[in-house]
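Enquirer: Sharing a structure here in structure tokens format.
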Amino acid sequence: MTPELGQLALILALLLALAQGILPLLGAWRGNRALMAVARPAAAGQAVFVAMAFGILVWAFVRFDFSVQYVADNSNLALPWYYRIAAVWGAHEGSLLLWIFILNVWTVALAAFSQKLPEVFASRVLAVMGLIAVGFLAFIIFTSDPFGRLLPMPGDGADLNPVLQDPGMTFHPPVLYTGYVGFSVAFAFAIAGLLGGELEQAWVRWARPWTNIAWGFLTCGIVAGSWWAYAELGWGGWWFWDPVENASFMPWLVGLGLIHAQAITEKRGSLRAWTILLSIFAFSLSLLGTFLVRSGVLTSVHAFASDPRRGIFILAFLTIVVGGSLLLYALRAPKVVGGKPFKVVSRETVLLIGNLMFAVAAAMVLLGTLFPLVGDALNLGRVSVGPPYFGFLFPLLMLPVVLLLPFGPFLHWGKGDLPALKQVLLRAGIAAAACAIVAAFFVNGQLKAIAGVASLVWLAVGVLLYAIKRWREMPRGRRYPAEMAGMLLAHLGMGVFVAGVLLSESLSVTSDVRMAPGQTQHIGGYDFRFDGAHRTTGPNWRADQGVVTVTRDSKAVAVMHPQKRTYLRGQVQTESAVDAGIFRDLYVALGEPMDANDIEGAWSLRLYYKPFIRWIWGGGLLMMLGGFVCAGDKRFRIKRSAKIEEATAGLQVQETHA
Amino acid sequence: MLLLRGSAPFARRFVDRSQKHGAQGAFLRLMLTALLTFIGVAHAQAIEPMPFRDHAQELRFQHLTHQLRCPMCQNETLADSNAPIARDLRNQIFQMMQQRKSDEEIKQYLVARYSNYVLYDPPLQPGTWLLWFGPLLILFAGASAVVIAIRKRHRGDDAPTEAQTGNGDDW
Amino acid sequence: MSRLLPFLGFMLLVALFGFGIWWNTQHDQNAIPSPLLNKPAPAFNLPKLYEPTQRVSKADLLGQPYLLNVFASWCIECGVEHPVLEAEGPGLGVQLVGYNYKDAPADAKRWLAEHGNPYNLLIADEPGHTAIDFGVYGAPESFLIDAKGVIRYKHIGPLTPDVVEDELKPAIAAMLKEAP
């Protein structure tokens with residue numbers, strides 16, 4: 001009986017979402033406080049019902065209720081409990097429920113932290129969140145019911161895709177969705193701002209921490225996905241420019257632009273229309289990602305099973321939400337150029353250039369991702385766009401960003417100070433050049449690797465110089481406000497990331513080898529000795545497990561156990577062995593026995609030596625941390641309502657508070 | 001984003017059809033079981049030691065196969081795919097390298113049989129101008145918008161230089 | 001007006017997505033149109049499945065149109081296609097040539113014994129080299145080759161009654177009308 005309760009809970013949640021979406025808007029329009037007051041309780045009620053539905057699905061998995069089709073399709077009796085919980089978001093229906101659940105978490109947080117906002121504005125924001133929830137609840141109820149029954153109930157279920165049976169996978173979707181959905185808050189603020197037509201600078205300030213947190217989560221989700229793909233798949237790659245990966249990368253890029261645009265708008269009043277537009281775009285691209293993954297219009301290795309009906313539903317929803325908000329933007333966006341003037345050499349200018357590059361990069365990724373579809377439409381035949389395209393254009397677009405980044409903090413708002421910039425250029429430039437020359441000897445003159453070292457030093461010295469400047473010039477306790485510390489962390493993360501990418505790509509060594517027990521291969525300065533393979537078992541798999549002993553100069557480094565698992569339903573899955581290190585990863589994947597009947601004999605193995613690969617994720621995590629630290633700045637805490645009205649009354653007040 | 005890298009090469013055509021009709025329960029279930037057995041083949045990755053002439057050739061092989069798409073797979077390179085056709089094509093490429101064929105010749109060979117679909121790097125031709133020059137176009141359009149925006153705000157020389165707050169802290 | 005640009009751009013995207021959804025209901029996303037269409041079939045020289053010592057080449061088959069059907073015992077969809085070939089094969093008006101792809105001969109023979117043999121001629125390509133020349137990348141695939149040895153039509157995936165009726169038969173009719 002319980003699964004039907006889950007369905008009922010979703011229907012009740014939909015009704016409450018309708019109330020949350022419509023009544024407060026009417027109230028805000030009519031000035032009816034009773035209607036506006038509906039927003040919070042409706043949001044809370046909706047969250048309760050969605051949580052109930054989510055809990056019921058988890059419970060169905062926990063107690064093996066195979067009478068639920070979704071449970072029977074994605075789990076079985078032998079699946080460990082933690083993967084049964086992860087199986088909740090292992091396929092389309094459940095992951096959609098997770099999406100909605102996370103949307104509700106954000107809404108409840110927003111309802112809790114928006115109590116000090118002006119009532120009309122807060123109710124508009126919550127109403128927009130409610131309308132988004134209406135769309136997704138309708139989607140799940142009408143096209144993707146996770147509680148559908150399977151009768152007669154089978155004795156056992158199928159299996160969770162073994163690719164997903166990995167600790168990284170339990171973690172990746174919720175974090176990623178938290179990021180995706182988090183952009184709905186900035187979106188809701190922007191729409192509420194457009195509807196109200198006033199308060200721009202004020203609402204941008206309130207939206208900033210939300211944007212930063214959402215972006216931080218998205219960063220973390222992408223990092224987790226990338227790390228998981230690297231560790232799990234045995235290909236040693238960390239990014240494939242697959243449509244589904246691109247779908248998460250586009251909102252990330254736009255979100256990055258948005259974070260910086262919001263800073264300009266909040267502090268200087270400029271770029272208001274652009275900030276609104278980016279707020280709309282960041283969330284629209286999140287929705288677009290959902291569409292791309294679930295509609296089957298593009299071929300991806302990650303996509304869910306496609307169903308044109310679902311595609312049409314999301315497309316309609318996308319059209320209403322995004323089309324509607326862009327129309328609203330066309331009608332209501334601020335038309336007068338506002339804000340304080342600035343010189344050519346100013347922080348505004350570099351932030352604008354950064355924004356331009358992020359936006360163009362996002363557009364490039366969108367174009368490349370969708371081009372196969374354009375190819376179909378224009379009758380060009382089937383076209384593939386992949387790593388060579390993106391990998392060529394993306395670095396070109398990011399080059400100006402890397403070059404300008406150290407100057408950003410040194411530039412003042414309005415008018416920058418040229419001599420100071422020259423000093424930065426000189427110091428960071430000399431440091432980068434010197435390190436590049438030294439590095440050239442270590443990397444056999446590989447240009448990519450040298451560029452990696454130079455970028456790292458260039459960016460890190462830039463950050464360091466600014467940190468020193470603050471240390472010298474500011475009294476204790478005021479040197480590094482959270483907002484600035486976050487920025488410095490994130491910028492440093494960028495340097496670490498770029499270095500990780502360039503160094504690992506240029507210095508990695510890959511080798512497919514045939515090894516008999518006792519044989520040794522020399523790769524990247526390490527000796528990999530294959531000590532044979534044997535059978536082993538896990539909770540729901542059998543495996544052939546190889547033993548590879550790694551030594552360096554006869555000193556033991558690691559004993560690695562790559563596996564080739566066969567899961568219950570016959571699915572084969574490689575489990576690579578990784579010996580992680582700050583400066584290098586050693587990575588072994590087990591191929592096949594040379595003689596299928598003799599697993600104790602020779603095997604084919606893939607050996608990797610991957611220097612600095614961990615810096616890619618380390619850089620990403622620093623960026624995430626930067627986003628979170630920024631969001632914690634005291635400036636963003638909303639003061640009492642009276643003060644807000646005061647603050648929004650005049651720019652000056654805001655500036656001095658800064 | 002749900003990551004399901006590596007899909008079933010053998011059974012893929014079946015998947016499409018089964019999703020479209022959906023209803024025929026028993027038949028579908030039977031086929032799904034069959035499908036799952038085959039999925040397995042794909043999740044193991046392609047590890048094939050080959051007798052390369054030297055390390056440079058191995059690097060060239062790795063580079064080339066990473067730029068070519070397995071025609072049978074959902075979105076995988078020839079290097080990564082374990083589909084039977086990917087194995088055959090890798091072997092073919094290896095043989096052609098032994099015959100001292102250039103990368104360009106090898107690509108031509110594949111394109112003649114499998115169309116441009118196998119190239120992850122679509123060749124520049126009228127049909128792909130939008131793809132290759134589109135970003136440049138967007139960049140120019142955006143750059144001009146930025147330049148206009150900066151000009152507008154520049155407003156002559158007597159624009160008030162930013163009065164620093166007392167301590168030079170303009171955060 | 002410039003404020004409307006994002007909206008207009010987005011509507012263009014919506015149109016593209018709408019097209020994409022429609023297109024995918026009409027087309028198999030995994031089918032790659034063959035560049036060999038309307039070009040001479042590649043030369044081949046393959047052993048017969050049942051008499052491996054005898055070989056069949058492209059030249060041997062010139063002069064009469066035939067449908068080359070790529071199949072294998074490991075291929076699930078071939079089992080779906082097989083009854084259609086059994087039922088429709090004799091009425092097509094062309095020879096049916098079975099192309100056993102990357103299969104152990106013993107498995108193929110067992111499979112044919114079990115499912116029936118609709119083919120007029122069976123050739124075997126166990127290593128799969130020749131199949132690359134045909135641009136084969138999976139099974140089943142079917143090539144309609146005319147008397148001059150030109151590929152007139154290719155279908156990727158199983159031949160269903162609908163495909164036979166709507167695509168294959170018209171293609172055969174057009175071919176026969178042109179060169180009686």
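Simple scheme: letters A, B, ... for chains in structure tokens order, numbers from 1 for residues in each chain, numbers from 1 for ligands in the order shown.
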Based on only C-alpha atoms, which of the residues in chain A come within 7 Å of chain C? I want them as a PyMOL selection string.
Expert: chain A and resi 297+308+311+319+323+326-327+330+373+382
Enquirer: Could those residues be written to a file, using N, CA and C atoms, as a short mmCIF file (atom, residue, chain, number, x, y, z; two decimals), in the first residue's frame?
Expert:
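Written file, out.cif:
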data_model
loop_
_atom_site.label_atom_id
_atom_site.label_comp_id
_atom_site.auth_asym_id
_atom_site.auth_seq_id
_atom_site.Cartn_x
_atom_site.Cartn_y
_atom_site.Cartn_z
N VAL A 297 17.43 13.52 -27.26
CA VAL A 297 17.71 14.17 -28.54
C VAL A 297 19.17 14.05 -28.93
N PRO A 308 10.11 9.98 -26.15
CA PRO A 308 9.73 11.25 -26.76
C PRO A 308 8.67 12.00 -25.94
N GLY A 311 10.39 13.97 -23.46
CA GLY A 311 11.08 15.07 -24.15
C GLY A 311 10.12 16.21 -24.42
N THR A 319 10.01 25.78 -22.43
CA THR A 319 9.53 26.91 -23.21
C THR A 319 8.78 27.89 -22.33
N GLY A 323 11.18 30.76 -21.85
CA GLY A 323 10.57 31.72 -22.79
C GLY A 323 9.85 32.81 -22.03
N LEU A 326 12.32 35.17 -20.36
CA LEU A 326 13.04 36.03 -21.31
C LEU A 326 12.10 37.10 -21.88
N LEU A 327 10.83 36.75 -22.04
CA LEU A 327 9.85 37.76 -22.47
C LEU A 327 9.72 38.84 -21.39
N ALA A 330 12.54 41.02 -21.64
CA ALA A 330 12.44 41.96 -22.75
C ALA A 330 11.54 43.13 -22.37
N LEU A 373 22.64 17.95 -33.90
CA LEU A 373 21.21 18.15 -34.16
C LEU A 373 21.02 19.11 -35.33
N ARG A 382 25.18 12.66 -40.48
CA ARG A 382 25.48 12.59 -39.06
C ARG A 382 26.84 13.22 -38.78
#
Enquirer: So which residues of segment 67-168 of chain B fall under strand (DSSP E or B) by DSSP, listed as an MDAnalysis selection string?
Expert: chainID B and resid 68:69 77 119
Enquirer: The selected residues should be written to file as a PDB file, in the first residue's frame (atoms: N, CA and C atoms).
Expert:
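Saved to again-v8.pdb:
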ATOM      1  N   LEU B  68      38.824   9.498 -32.937  1.00  0.00           N
ATOM      2  CA  LEU B  68      37.876   8.839 -33.824  1.00  0.00           C
ATOM      3  C   LEU B  68      36.757   8.228 -33.006  1.00  0.00           C
ATOM      4  N   ARG B  69      35.576   8.235 -33.582  1.00  0.00           N
ATOM      5  CA  ARG B  69      34.408   7.789 -32.851  1.00  0.00           C
ATOM      6  C   ARG B  69      34.053   6.369 -33.259  1.00  0.00           C
ATOM      7  N   THR B  77      35.126   6.946 -27.968  1.00  0.00           N
ATOM      8  CA  THR B  77      36.177   6.957 -28.962  1.00  0.00           C
ATOM      9  C   THR B  77      36.559   5.521 -29.312  1.00  0.00           C
ATOM     10  N   LEU B 119      34.594  11.074 -37.333  1.00  0.00           N
ATOM     11  CA  LEU B 119      35.565  12.108 -36.972  1.00  0.00           C
ATOM     12  C   LEU B 119      34.995  12.963 -35.842  1.00  0.00           C
TER      13      LEU B 119
END
Enquirer: Using only C-alpha atoms, determine which residues of chain A fall within 7 Å of chain B; present them as a short mmCIF file (atom, residue, chain, number, x, y, z; two decimals) with N, CA and C atoms, in the first residue's frame.
Expert:
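Printed below is part-v7.cif as written:
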data_model
loop_
_atom_site.label_atom_id
_atom_site.label_comp_id
_atom_site.auth_asym_id
_atom_site.auth_seq_id
_atom_site.Cartn_x
_atom_site.Cartn_y
_atom_site.Cartn_z
N VAL A 163 28.05 0.21 -13.04
CA VAL A 163 28.86 1.43 -13.12
C VAL A 163 28.52 2.35 -11.95
N PRO A 173 25.41 12.54 -7.84
CA PRO A 173 24.15 13.17 -8.29
C PRO A 173 23.55 14.14 -7.27
N GLY A 234 38.34 3.24 -15.76
CA GLY A 234 39.54 2.58 -16.26
C GLY A 234 40.09 3.20 -17.53
N TRP A 235 39.57 4.38 -17.90
CA TRP A 235 40.10 5.03 -19.09
C TRP A 235 41.11 6.09 -18.74
N VAL A 244 26.34 15.17 -21.99
CA VAL A 244 25.81 15.25 -20.63
C VAL A 244 26.78 15.97 -19.70
N VAL A 293 19.52 15.37 -21.04
CA VAL A 293 19.80 14.06 -20.48
C VAL A 293 18.59 13.14 -20.63
N THR A 299 22.95 11.90 -28.55
CA THR A 299 23.54 10.61 -28.19
C THR A 299 24.62 10.84 -27.16
N SER A 300 24.45 10.22 -26.02
CA SER A 300 25.45 10.38 -24.98
C SER A 300 25.66 9.04 -24.31
N VAL A 301 26.84 8.83 -23.81
CA VAL A 301 27.06 7.60 -23.07
C VAL A 301 26.35 7.63 -21.72
N HIS A 302 25.99 8.84 -21.26
CA HIS A 302 25.42 8.92 -19.92
C HIS A 302 23.90 9.00 -19.91
N ALA A 303 23.29 9.17 -21.04
CA ALA A 303 21.88 9.56 -21.05
C ALA A 303 20.97 8.49 -20.46
N ASP A 307 12.50 8.83 -24.14
CA ASP A 307 11.09 8.64 -24.34
C ASP A 307 10.58 9.97 -24.90
N PRO A 341 29.99 55.47 -13.35
CA PRO A 341 30.85 55.37 -14.53
C PRO A 341 32.19 54.73 -14.17
N PHE A 342 32.84 54.19 -15.18
CA PHE A 342 34.18 53.64 -14.94
C PHE A 342 35.09 53.89 -16.12
N LYS A 343 36.38 53.89 -15.83
CA LYS A 343 37.38 54.13 -16.86
C LYS A 343 37.68 52.83 -17.61
N VAL A 344 38.44 52.95 -18.68
CA VAL A 344 38.80 51.76 -19.44
C VAL A 344 39.64 50.83 -18.55
N LEU A 352 34.17 42.61 -16.97
CA LEU A 352 33.37 42.51 -18.20
C LEU A 352 34.02 41.56 -19.19
N LEU A 356 32.51 38.21 -20.63
CA LEU A 356 32.39 37.96 -22.06
C LEU A 356 32.96 36.59 -22.41
N VAL A 360 30.93 33.50 -23.92
CA VAL A 360 31.24 32.97 -25.25
C VAL A 360 31.61 31.49 -25.13
N MET A 364 29.88 28.51 -26.98
CA MET A 364 30.64 27.58 -27.82
C MET A 364 30.32 26.14 -27.44
N LEU A 367 26.89 25.34 -28.71
CA LEU A 367 26.90 25.13 -30.16
C LEU A 367 27.49 23.77 -30.52
N GLY A 368 28.62 23.46 -29.91
CA GLY A 368 29.25 22.18 -30.23
C GLY A 368 28.40 21.00 -29.80
N PHE A 371 25.37 20.84 -32.18
CA PHE A 371 25.60 20.86 -33.62
C PHE A 371 25.18 19.57 -34.33
N LEU A 380 23.11 17.59 -43.18
CA LEU A 380 24.56 17.46 -43.40
C LEU A 380 25.02 16.02 -43.19
N ARG A 382 25.18 12.66 -40.48
CA ARG A 382 25.48 12.59 -39.06
C ARG A 382 26.84 13.22 -38.78
N VAL A 383 26.87 14.15 -37.85
CA VAL A 383 28.11 14.84 -37.52
C VAL A 383 28.47 14.51 -36.07
N SER A 384 29.73 14.33 -35.80
CA SER A 384 30.20 14.15 -34.43
C SER A 384 31.04 15.35 -34.05
N VAL A 385 30.78 15.88 -32.87
CA VAL A 385 31.63 16.95 -32.36
C VAL A 385 32.17 16.48 -31.02
N GLY A 386 33.47 16.46 -30.89
CA GLY A 386 34.02 15.88 -29.68
C GLY A 386 35.24 16.61 -29.17
N PRO A 387 36.04 15.91 -28.38
CA PRO A 387 37.18 16.52 -27.70
C PRO A 387 38.08 17.38 -28.60
N PRO A 388 38.36 16.97 -29.84
CA PRO A 388 39.26 17.83 -30.61
C PRO A 388 38.70 19.23 -30.82
N TYR A 389 37.38 19.33 -30.98
CA TYR A 389 36.76 20.65 -31.18
C TYR A 389 36.80 21.47 -29.90
N TRP A 413 37.67 49.75 -8.35
CA TRP A 413 36.42 50.03 -9.04
C TRP A 413 36.52 51.41 -9.67
N GLY A 414 35.96 51.58 -10.81
CA GLY A 414 35.90 52.91 -11.42
C GLY A 414 37.15 53.30 -12.17
N LYS A 415 38.29 53.26 -11.49
CA LYS A 415 39.51 53.67 -12.16
C LYS A 415 40.69 52.93 -11.55
N ASP A 512 49.44 -0.13 -22.82
CA ASP A 512 48.74 -1.41 -22.77
C ASP A 512 49.80 -2.49 -22.91
N VAL A 513 49.84 -3.39 -21.95
CA VAL A 513 50.91 -4.38 -22.00
C VAL A 513 50.36 -5.77 -21.72
N ARG A 514 51.08 -6.74 -22.20
CA ARG A 514 50.77 -8.12 -21.89
C ARG A 514 51.79 -8.54 -20.85
N ARG A 569 23.92 -10.11 -12.48
CA ARG A 569 23.19 -10.32 -13.72
C ARG A 569 24.14 -10.45 -14.91
N GLY A 570 25.37 -10.75 -14.61
CA GLY A 570 26.31 -11.03 -15.69
C GLY A 570 27.03 -9.80 -16.23
N GLN A 571 26.77 -8.61 -15.63
CA GLN A 571 27.43 -7.42 -16.15
C GLN A 571 28.90 -7.43 -15.70
N VAL A 572 29.76 -7.13 -16.63
CA VAL A 572 31.18 -7.08 -16.32
C VAL A 572 31.59 -5.63 -16.09
N GLN A 573 32.39 -5.41 -15.08
CA GLN A 573 32.78 -4.05 -14.73
C GLN A 573 34.23 -4.05 -14.27
N THR A 574 35.02 -3.19 -14.88
CA THR A 574 36.41 -3.10 -14.44
C THR A 574 36.51 -2.20 -13.23
N GLY A 591 42.87 -6.01 -17.94
CA GLY A 591 42.19 -6.29 -19.21
C GLY A 591 41.64 -7.69 -19.24
N SER A 604 46.38 -9.04 -20.12
CA SER A 604 46.63 -7.72 -20.68
C SER A 604 46.27 -6.71 -19.59
N LEU A 605 47.13 -5.73 -19.45
CA LEU A 605 46.93 -4.72 -18.42
C LEU A 605 47.15 -3.35 -19.04
N ARG A 606 46.49 -2.37 -18.44
CA ARG A 606 46.79 -1.00 -18.84
C ARG A 606 47.42 -0.31 -17.65
N ALA A 658 30.24 48.66 3.07
CA ALA A 658 31.07 47.64 2.44
C ALA A 658 32.41 47.47 3.15
#
Enquirer: With 6 Å as the limit and counting only C-alpha atoms, what residues in chain B lie close to chain C? Please list them as an MDAnalysis selection string.
Expert: chainID B and resid 72 85 113:115
Enquirer: Considering only C-alpha atoms, return as a list in words whatever protein or nucleic-acid residues lie within 10 Å of Asp107 of chain C, sequence-local ones (same chain, fewer than 6 positions apart) excluded.
Expert: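 Residues near the query, excluding close chain neighbours: Ala72, Ser73, Trp74 and Ala113 of chain C.
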Enquirer: So that I can check the surroundings of Gly89 of chain C, please list as a JSON list (two decimals) with C-alpha atoms, in the first residue's frame every protein, DNA and RNA residue that reaches within 10 Å of it, counting only C-alpha atoms and ignoring chain neighbours fewer than 4 positions away.
Expert:
[["chain", "number", "residue", "atom", "x", "y", "z"],
["C", 67, "LEU", "CA", 20.06, -8.51, -50.91],
["C", 82, "HIS", "CA", 14.80, -13.62, -38.95],
["C", 83, "PRO", "CA", 11.07, -14.47, -39.16],
["C", 84, "VAL", "CA", 10.60, -11.43, -41.39],
["C", 85, "LEU", "CA", 13.28, -12.70, -43.76],
["C", 93, "GLY", "CA", 12.32, -10.93, -56.38],
["C", 94, "VAL", "CA", 16.03, -10.81, -55.58],
["C", 95, "GLN", "CA", 18.48, -13.36, -54.29],
["C", 96, "LEU", "CA", 18.97, -13.38, -50.55],
["C", 118, "PRO", "CA", 15.97, -18.24, -45.71],
["C", 119, "TYR", "CA", 19.16, -17.54, -47.67],
["C", 120, "ASN", "CA", 19.92, -18.57, -51.25],
["C", 164, "VAL", "CA", 10.25, -4.13, -46.07]]
Enquirer: Within segment 580-643 of chain A, find each residue whose DSSP state, derived from the backbone, is helix (DSSP H, G or I), and express the selection as a list in words.
Expert: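 Here are the helix (DSSP H, G or I) residues of segment 580-643 of chain A: Arg614, Trp615, Ile616, Trp617, Gly618, Gly619, Gly620, Leu621, Leu622, Met623, Met624, Leu625, Gly626, Gly627, Phe628, Val629, Cys630, Ala631, Lys634, Arg635, Phe636, Ser641, Ala642 and Lys643 of chain A.
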